[in-house]
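Structure record follows, encoded as structure tokens.
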Number of protein chains: 2
Amino acid sequence: MSEGFEVAILGATGAVGTRLIQQLEQSTIPVSKVRLLASSRSAGKTLQFKGQDVTVEEAKPESFEGVDIVLASAGGGVSKKLLPEAVKRGAVCVDNTSAFRMDPDVPLVVPEVNEKALYNHHGIIANPNCSTIQMMVALEPIRKEFGLKQIIVSTYQAASGAGQSALNELKQEAQDFLDGKEMKADIFPTKGDKKHYPLAFNLLPQIDVLEDNLYSHEEWKMIHETKKIMLDDMDSTDIKVTATCVRVPVPISHGESIWIDTVDHDAASVEKIREAVKNFPGAVLEDDPEHQVYPQPINATGKRETFVGRIRPDLENKGAFNLWVVSDNLLKGAAWNTVQIAEHLVKDDLVHVN
Amino acid sequence: MSEGFEVAILGATGAVGTRLIQQLEQSTIPVSKVRLLASSRSAGKTLQFKGQDVTVEEAKPESFEGVDIVLASAGGGVSKKLLPEAVKRGAVCVDNTSAFRMDPDVPLVVPEVNEKALYNHHGIIANPNCSTIQMMVALEPIRKEFGLKQIIVSTYQAASGAGQSALNELKQEAQDFLDGKEMKADIFPTKGDKKHYPLAFNLLPQIDVLEDNLYSHEEWKMIHETKKIMLDDMDSTDIKVTATCVRVPVPISHGESIWIDTVDHDAASVEKIREAVKNFPGAVLEDDPEHQVYPQPINATGKRETFVGRIRPDLENKGAFNLWVVSDNLLKGAAWNTVQIAEHLVKDDLVHVN
């Protein structure tokens, strides 16, 4: 056995990819070798891992020879094509795209919530959508203590959820607006769609494509991923979920305004919910109205935790509450949750050195 | 009788005040003379009304001698002190501050919803809070057709709701952020509070002060003003309302993500709600997902209407729906609704030339 795992990062040059490198550097996973994979366009670039230069290689099926763990964030199409090739070669893959999330054979995991699902993996584990993950960390302590009947969420999602070029577009638009120039939009609301609108100093109630059922694909993800994670059954109606997803002119960290109805109306209270959130791993209670303490994107950015505050009782519905949740969409929403899953795979002996 | 009404604008130099002048210029009210009133600091400035120079005067009780209509937007303290003086001198006042909104003797009016309440005025009519007004225009067509049992709203509120200096602060912070400088906050989340945080590229889940019941005063307003306007009774629980109010880095026009539960579950449908919104005065349906048509702040700014879109059925609660609403907070949310009330007072013969 070598001293550690050979880890490949697929999509190493993107907004999430660069954070996958950083989170892997800081992780407890013993790494013997790292491979940085990307499209042919980025091949040849030099990046660093723990102070050592690593040349980016073009991702091909053969790239996974000898690889033990794959951390993937290069788009759904790339994952669909290449991850089965990696599994064939003995690797376990943690996939940050939506390619396999709804596959019944693929665990969809937020370690604080459903780590046990990892035991059923067949080589691929899916990382949930960013907006779903932070909602799960905020709500699981409440669900465990009081049960959850219904979730109504409105999101305030950061530009970086659409990638590095989208983040650059937001900044260019903002500068143009401040200079009195016309803003040019090529990416938002979503790259593949027909029309594009400026995000700077604006709000776009479309994330991903709008589907025939009138929901955006992002809203669909929040509804169905929540059920798969919390109930191990994406079609269950045990928890009713509905969502409205809105892109806001913020670079990093999503906000979420969440209304919940608990099962145990007599037990649930603001004090007990605060206590449950405070004691839950990965969640940080930021809820001190008297001192104006509540979650904010500029404070959450760069941190691994999910921040929860403004917990209030719905004054006319016993057992229902409002809360406000913020987390770094590139870390807990993507790179950190992916590396965290890999850490659990190692800890639980669910991945082996080839 | 003179050729028209003598109109005083109290707080004429602010973000809303300048728009009150503009909306009055474009209104159907015959104006014989306009008086522009402000604090001593702004007295002596020259503004224009219909192309004529008008000197801003310091607002005093005597300023209202001979005035028929007062349009007030100079802060709650100023309204409390000066509007009773104006009424004493025979004027009818439309007040855009929160000073008198919850007074049972003061009608709180969105003309499209409860114009009839104007008949009970005793000299002062209150203009509701900006975030409440646009929600009322969007929901009244639905309430009229199908009834409303419950409203859960999350707001995305523009910087200009906190005034012109707040809008300037947002722009300065944005430029500093883009230049890599530290952002300085002196106003947001709310001027009178202890701590201040940057709004640019950030989200602030506090509008106005946070109260002992854990709700912000803005959230409290949305809950209680909705009941007073829709039910003519601020303590009624016939419609349950809860709110989460968030300030977003947008200059003008508030967004609102609203979940509603109707009374007549069998009758309500997306198609019928679209039809009801389309036929309601002051509301504009912008709901064509196939062509990516939905309300956006950059499109709503400068318009008097309230834009409604993304109307979707809650897939697990029959009769419940999600919608997305945007309106110019300085026009329908403030100046236009105020002038519109004055237009109705004139039309309904509820104000007279002194």
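Here, A, B, ... name the chains of the structure tokens in the order displayed, residue numbers run from 1 inside each chain, and ligands are numbered from 1 in the same displayed order.
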Which residues are close to Ser257 in chain A, i.e. within 6 Å by only C-alpha atoms, leaving aside same-chain residues fewer than 2 positions away? Reply as a list in words. Val153, Ser154, Leu323 and Trp324 of chain A
Keeping only all heavy atoms, write those residues as a PDB file, in the first residue's frame.
```pdb
ATOM      1  N   VAL A 153     -39.487  27.696   0.468  1.00  0.00           N
ATOM      2  CA  VAL A 153     -38.212  28.413   0.445  1.00  0.00           C
ATOM      3  C   VAL A 153     -38.141  29.397  -0.717  1.00  0.00           C
ATOM      4  O   VAL A 153     -38.608  29.110  -1.826  1.00  0.00           O
ATOM      5  CB  VAL A 153     -37.016  27.428   0.406  1.00  0.00           C
ATOM      6  CG1 VAL A 153     -37.074  26.505  -0.801  1.00  0.00           C
ATOM      7  CG2 VAL A 153     -35.677  28.170   0.426  1.00  0.00           C
ATOM      8  N   SER A 154     -37.584  30.579  -0.429  1.00  0.00           N
ATOM      9  CA  SER A 154     -37.255  31.566  -1.457  1.00  0.00           C
ATOM     10  C   SER A 154     -35.754  31.794  -1.385  1.00  0.00           C
ATOM     11  O   SER A 154     -35.234  32.120  -0.323  1.00  0.00           O
ATOM     12  CB  SER A 154     -37.982  32.883  -1.194  1.00  0.00           C
ATOM     13  OG  SER A 154     -39.382  32.695  -1.252  1.00  0.00           O
ATOM     14  N   LEU A 323     -37.021  31.295   8.985  1.00  0.00           N
ATOM     15  CA  LEU A 323     -35.602  31.452   9.261  1.00  0.00           C
ATOM     16  C   LEU A 323     -34.853  31.943   8.032  1.00  0.00           C
ATOM     17  O   LEU A 323     -35.375  31.905   6.921  1.00  0.00           O
ATOM     18  CB  LEU A 323     -34.960  30.187   9.828  1.00  0.00           C
ATOM     19  CG  LEU A 323     -35.186  28.838   9.198  1.00  0.00           C
ATOM     20  CD1 LEU A 323     -33.963  27.962   9.443  1.00  0.00           C
ATOM     21  CD2 LEU A 323     -36.394  28.152   9.821  1.00  0.00           C
ATOM     22  N   TRP A 324     -33.617  32.392   8.278  1.00  0.00           N
ATOM     23  CA  TRP A 324     -32.758  32.970   7.233  1.00  0.00           C
ATOM     24  C   TRP A 324     -31.411  32.266   7.295  1.00  0.00           C
ATOM     25  O   TRP A 324     -30.797  32.196   8.357  1.00  0.00           O
ATOM     26  CB  TRP A 324     -32.611  34.465   7.492  1.00  0.00           C
ATOM     27  CG  TRP A 324     -31.586  35.149   6.631  1.00  0.00           C
ATOM     28  CD1 TRP A 324     -30.381  35.661   7.042  1.00  0.00           C
ATOM     29  CD2 TRP A 324     -31.678  35.452   5.225  1.00  0.00           C
ATOM     30  NE1 TRP A 324     -29.726  36.234   5.981  1.00  0.00           N
ATOM     31  CE2 TRP A 324     -30.487  36.125   4.853  1.00  0.00           C
ATOM     32  CE3 TRP A 324     -32.643  35.201   4.251  1.00  0.00           C
ATOM     33  CZ2 TRP A 324     -30.243  36.548   3.547  1.00  0.00           C
ATOM     34  CZ3 TRP A 324     -32.405  35.624   2.952  1.00  0.00           C
ATOM     35  CH2 TRP A 324     -31.222  36.300   2.609  1.00  0.00           C
TER      36      TRP A 324
END
```
Neighbours of Asn322 in chain A within 8 Å (only C-alpha atoms; same-chain residues fewer than 4 positions away dropped), as a CSV table (one decimal) with C-alpha atoms, in the first residue's frame?
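The new file selection-v8.csv reads:
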```
chain,number,residue,atom,x,y,z
A,257,SER,CA,-35.7,32.6,3.4
A,258,ILE,CA,-37.3,29.5,4.7
A,259,TRP,CA,-40.8,28.9,6.2
A,260,ILE,CA,-41.3,25.6,7.9
A,310,ARG,CA,-33.6,35.3,12.2
A,311,ILE,CA,-35.5,32.4,13.6
A,312,ARG,CA,-39.0,33.6,14.3
A,313,PRO,CA,-42.4,31.9,15.1
A,314,ASP,CA,-45.1,32.4,12.5
B,244,THR,CA,-39.3,38.0,5.9
```
Using only C-alpha atoms, find the one residue out of B:Val293, B:Ala8, B:Asn213, B:Leu315 that sits nearest to Lys194 in chain A. B:Val293
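All residues of range 44-140 of chain B that DSSP, run on the backbone, classes as strand (DSSP E or B) are B:Thr46, B:Leu47, B:Gln48, B:Phe49, B:Gln52, B:Asp53, B:Val54, B:Thr55, B:Glu57, B:Glu58, B:Ile69, B:Val70, B:Leu71, B:Ala72, B:Val92, B:Cys93, B:Val94, B:Asp95, B:Leu108, B:Ile124, B:Ile125, B:Ala126.
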Identify, on the basis of only C-alpha atoms, every residue whose closest approach to range 78-91 of chain A does not exceed 10 Å; exclude the query and any residue fewer than 3 positions from it along the same chain; express the result as an MDAnalysis selection string. chainID A and resid 6:8 10:11 38:39 59:75 94:100 122:124 351:354
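The nearest approach to chain A among the residues B:Ile21, B:Ala12, B:Val106, B:Val325, with only C-alpha atoms taken into account, belongs to B:Val325.
Shortest atom-to-atom contact with Lys227 in chain A among A:Asp288, A:Val241, A:Val92, A:Asp186: A:Val241, counting only C-alpha atoms.
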Option closest in space to chain B, from A:Lys149, A:His217, A:Lys195, A:Arg19 [counting only C-alpha atoms]: A:Lys195
Select, from B:Ala300, B:Ala342, B:Val250, B:Leu285, the residue with the minimum atom-to-atom distance to chain A, counting only C-alpha atoms. B:Val250
Identify, on the basis of only C-alpha atoms, every residue whose closest approach to Cys130 in chain B does not exceed 8 Å; exclude the query and any residue fewer than 6 positions from it along the same chain; express the result as a list in words. Gly161, Asn329, Leu330, Lys332, Gly333 and Ala334 of chain B
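A straight line drawn from CA of Gln175 in chain A to CA of Leu178 in chain B is 7.3 Å long.
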If you run DSSP on the backbone, which residues of range 127-337 of chain A are alpha helix (DSSP H), as a PDB file with C-alpha atoms, in the first residue's frame?
```
ATOM      1  CA  CYS A 130     -25.721  24.130  -3.641  1.00  0.00           C
ATOM      2  CA  SER A 131     -29.054  25.646  -2.616  1.00  0.00           C
ATOM      3  CA  THR A 132     -30.287  22.267  -1.367  1.00  0.00           C
ATOM      4  CA  ILE A 133     -27.193  21.500   0.734  1.00  0.00           C
ATOM      5  CA  GLN A 134     -27.330  24.585   2.930  1.00  0.00           C
ATOM      6  CA  MET A 135     -31.071  24.155   3.456  1.00  0.00           C
ATOM      7  CA  MET A 136     -30.452  20.567   4.595  1.00  0.00           C
ATOM      8  CA  VAL A 137     -27.819  21.611   7.150  1.00  0.00           C
ATOM      9  CA  ALA A 138     -30.141  24.293   8.532  1.00  0.00           C
ATOM     10  CA  LEU A 139     -33.277  22.121   8.651  1.00  0.00           C
ATOM     11  CA  GLU A 140     -31.980  18.694   9.675  1.00  0.00           C
ATOM     12  CA  PRO A 141     -31.513  19.674  13.350  1.00  0.00           C
ATOM     13  CA  ILE A 142     -35.113  20.895  13.339  1.00  0.00           C
ATOM     14  CA  ARG A 143     -36.448  17.829  11.501  1.00  0.00           C
ATOM     15  CA  LYS A 144     -34.646  15.494  13.938  1.00  0.00           C
ATOM     16  CA  GLU A 145     -36.115  17.192  16.998  1.00  0.00           C
ATOM     17  CA  PHE A 146     -39.586  18.232  15.909  1.00  0.00           C
ATOM     18  CA  GLN A 164     -16.306  31.915 -12.805  1.00  0.00           C
ATOM     19  CA  SER A 165     -17.233  33.565 -16.121  1.00  0.00           C
ATOM     20  CA  ALA A 166     -20.656  34.463 -14.703  1.00  0.00           C
ATOM     21  CA  LEU A 167     -18.977  36.040 -11.695  1.00  0.00           C
ATOM     22  CA  ASN A 168     -16.785  38.071 -14.050  1.00  0.00           C
ATOM     23  CA  GLU A 169     -19.880  39.136 -15.982  1.00  0.00           C
ATOM     24  CA  LEU A 170     -21.533  40.440 -12.793  1.00  0.00           C
ATOM     25  CA  LYS A 171     -18.472  42.559 -11.973  1.00  0.00           C
ATOM     26  CA  GLN A 172     -18.163  43.943 -15.523  1.00  0.00           C
ATOM     27  CA  GLU A 173     -21.876  44.813 -15.584  1.00  0.00           C
ATOM     28  CA  ALA A 174     -21.614  46.514 -12.190  1.00  0.00           C
ATOM     29  CA  GLN A 175     -18.690  48.659 -13.385  1.00  0.00           C
ATOM     30  CA  ASP A 176     -20.538  49.550 -16.596  1.00  0.00           C
ATOM     31  CA  PHE A 177     -23.644  50.521 -14.614  1.00  0.00           C
ATOM     32  CA  LEU A 178     -21.609  52.760 -12.284  1.00  0.00           C
ATOM     33  CA  HIS A 217     -34.905  23.340 -12.977  1.00  0.00           C
ATOM     34  CA  GLU A 218     -33.190  24.802  -9.884  1.00  0.00           C
ATOM     35  CA  GLU A 219     -36.522  24.875  -8.049  1.00  0.00           C
ATOM     36  CA  TRP A 220     -37.205  21.308  -9.180  1.00  0.00           C
ATOM     37  CA  LYS A 221     -33.826  20.254  -7.768  1.00  0.00           C
ATOM     38  CA  MET A 222     -34.527  21.813  -4.378  1.00  0.00           C
ATOM     39  CA  ILE A 223     -37.872  20.018  -4.150  1.00  0.00           C
ATOM     40  CA  HIS A 224     -36.733  16.551  -5.233  1.00  0.00           C
ATOM     41  CA  GLU A 225     -33.230  16.519  -3.747  1.00  0.00           C
ATOM     42  CA  THR A 226     -34.648  17.510  -0.363  1.00  0.00           C
ATOM     43  CA  LYS A 227     -36.943  14.485  -0.405  1.00  0.00           C
ATOM     44  CA  LYS A 228     -34.173  12.129  -1.523  1.00  0.00           C
ATOM     45  CA  ILE A 229     -31.806  13.358   1.211  1.00  0.00           C
ATOM     46  CA  MET A 230     -34.247  13.710   4.091  1.00  0.00           C
ATOM     47  CA  LEU A 231     -36.536  10.819   3.259  1.00  0.00           C
ATOM     48  CA  VAL A 270     -37.533  29.448  18.933  1.00  0.00           C
ATOM     49  CA  GLU A 271     -35.330  28.677  21.937  1.00  0.00           C
ATOM     50  CA  LYS A 272     -35.323  24.935  21.254  1.00  0.00           C
ATOM     51  CA  ILE A 273     -34.688  25.423  17.535  1.00  0.00           C
ATOM     52  CA  ARG A 274     -31.774  27.731  18.356  1.00  0.00           C
ATOM     53  CA  GLU A 275     -30.399  25.087  20.697  1.00  0.00           C
ATOM     54  CA  ALA A 276     -30.791  22.317  18.101  1.00  0.00           C
ATOM     55  CA  VAL A 277     -29.065  24.397  15.389  1.00  0.00           C
ATOM     56  CA  LYS A 278     -26.260  25.362  17.779  1.00  0.00           C
ATOM     57  CA  PRO A 297     -22.999  36.635   2.529  1.00  0.00           C
ATOM     58  CA  ILE A 298     -19.928  38.816   3.135  1.00  0.00           C
ATOM     59  CA  ASN A 299     -19.375  37.046   6.477  1.00  0.00           C
ATOM     60  CA  ALA A 300     -20.121  33.497   5.275  1.00  0.00           C
ATOM     61  CA  TRP A 336     -16.276  21.415   0.723  1.00  0.00           C
ATOM     62  CA  ASN A 337     -19.276  19.071   0.704  1.00  0.00           C
TER      63      ASN A 337
END
```
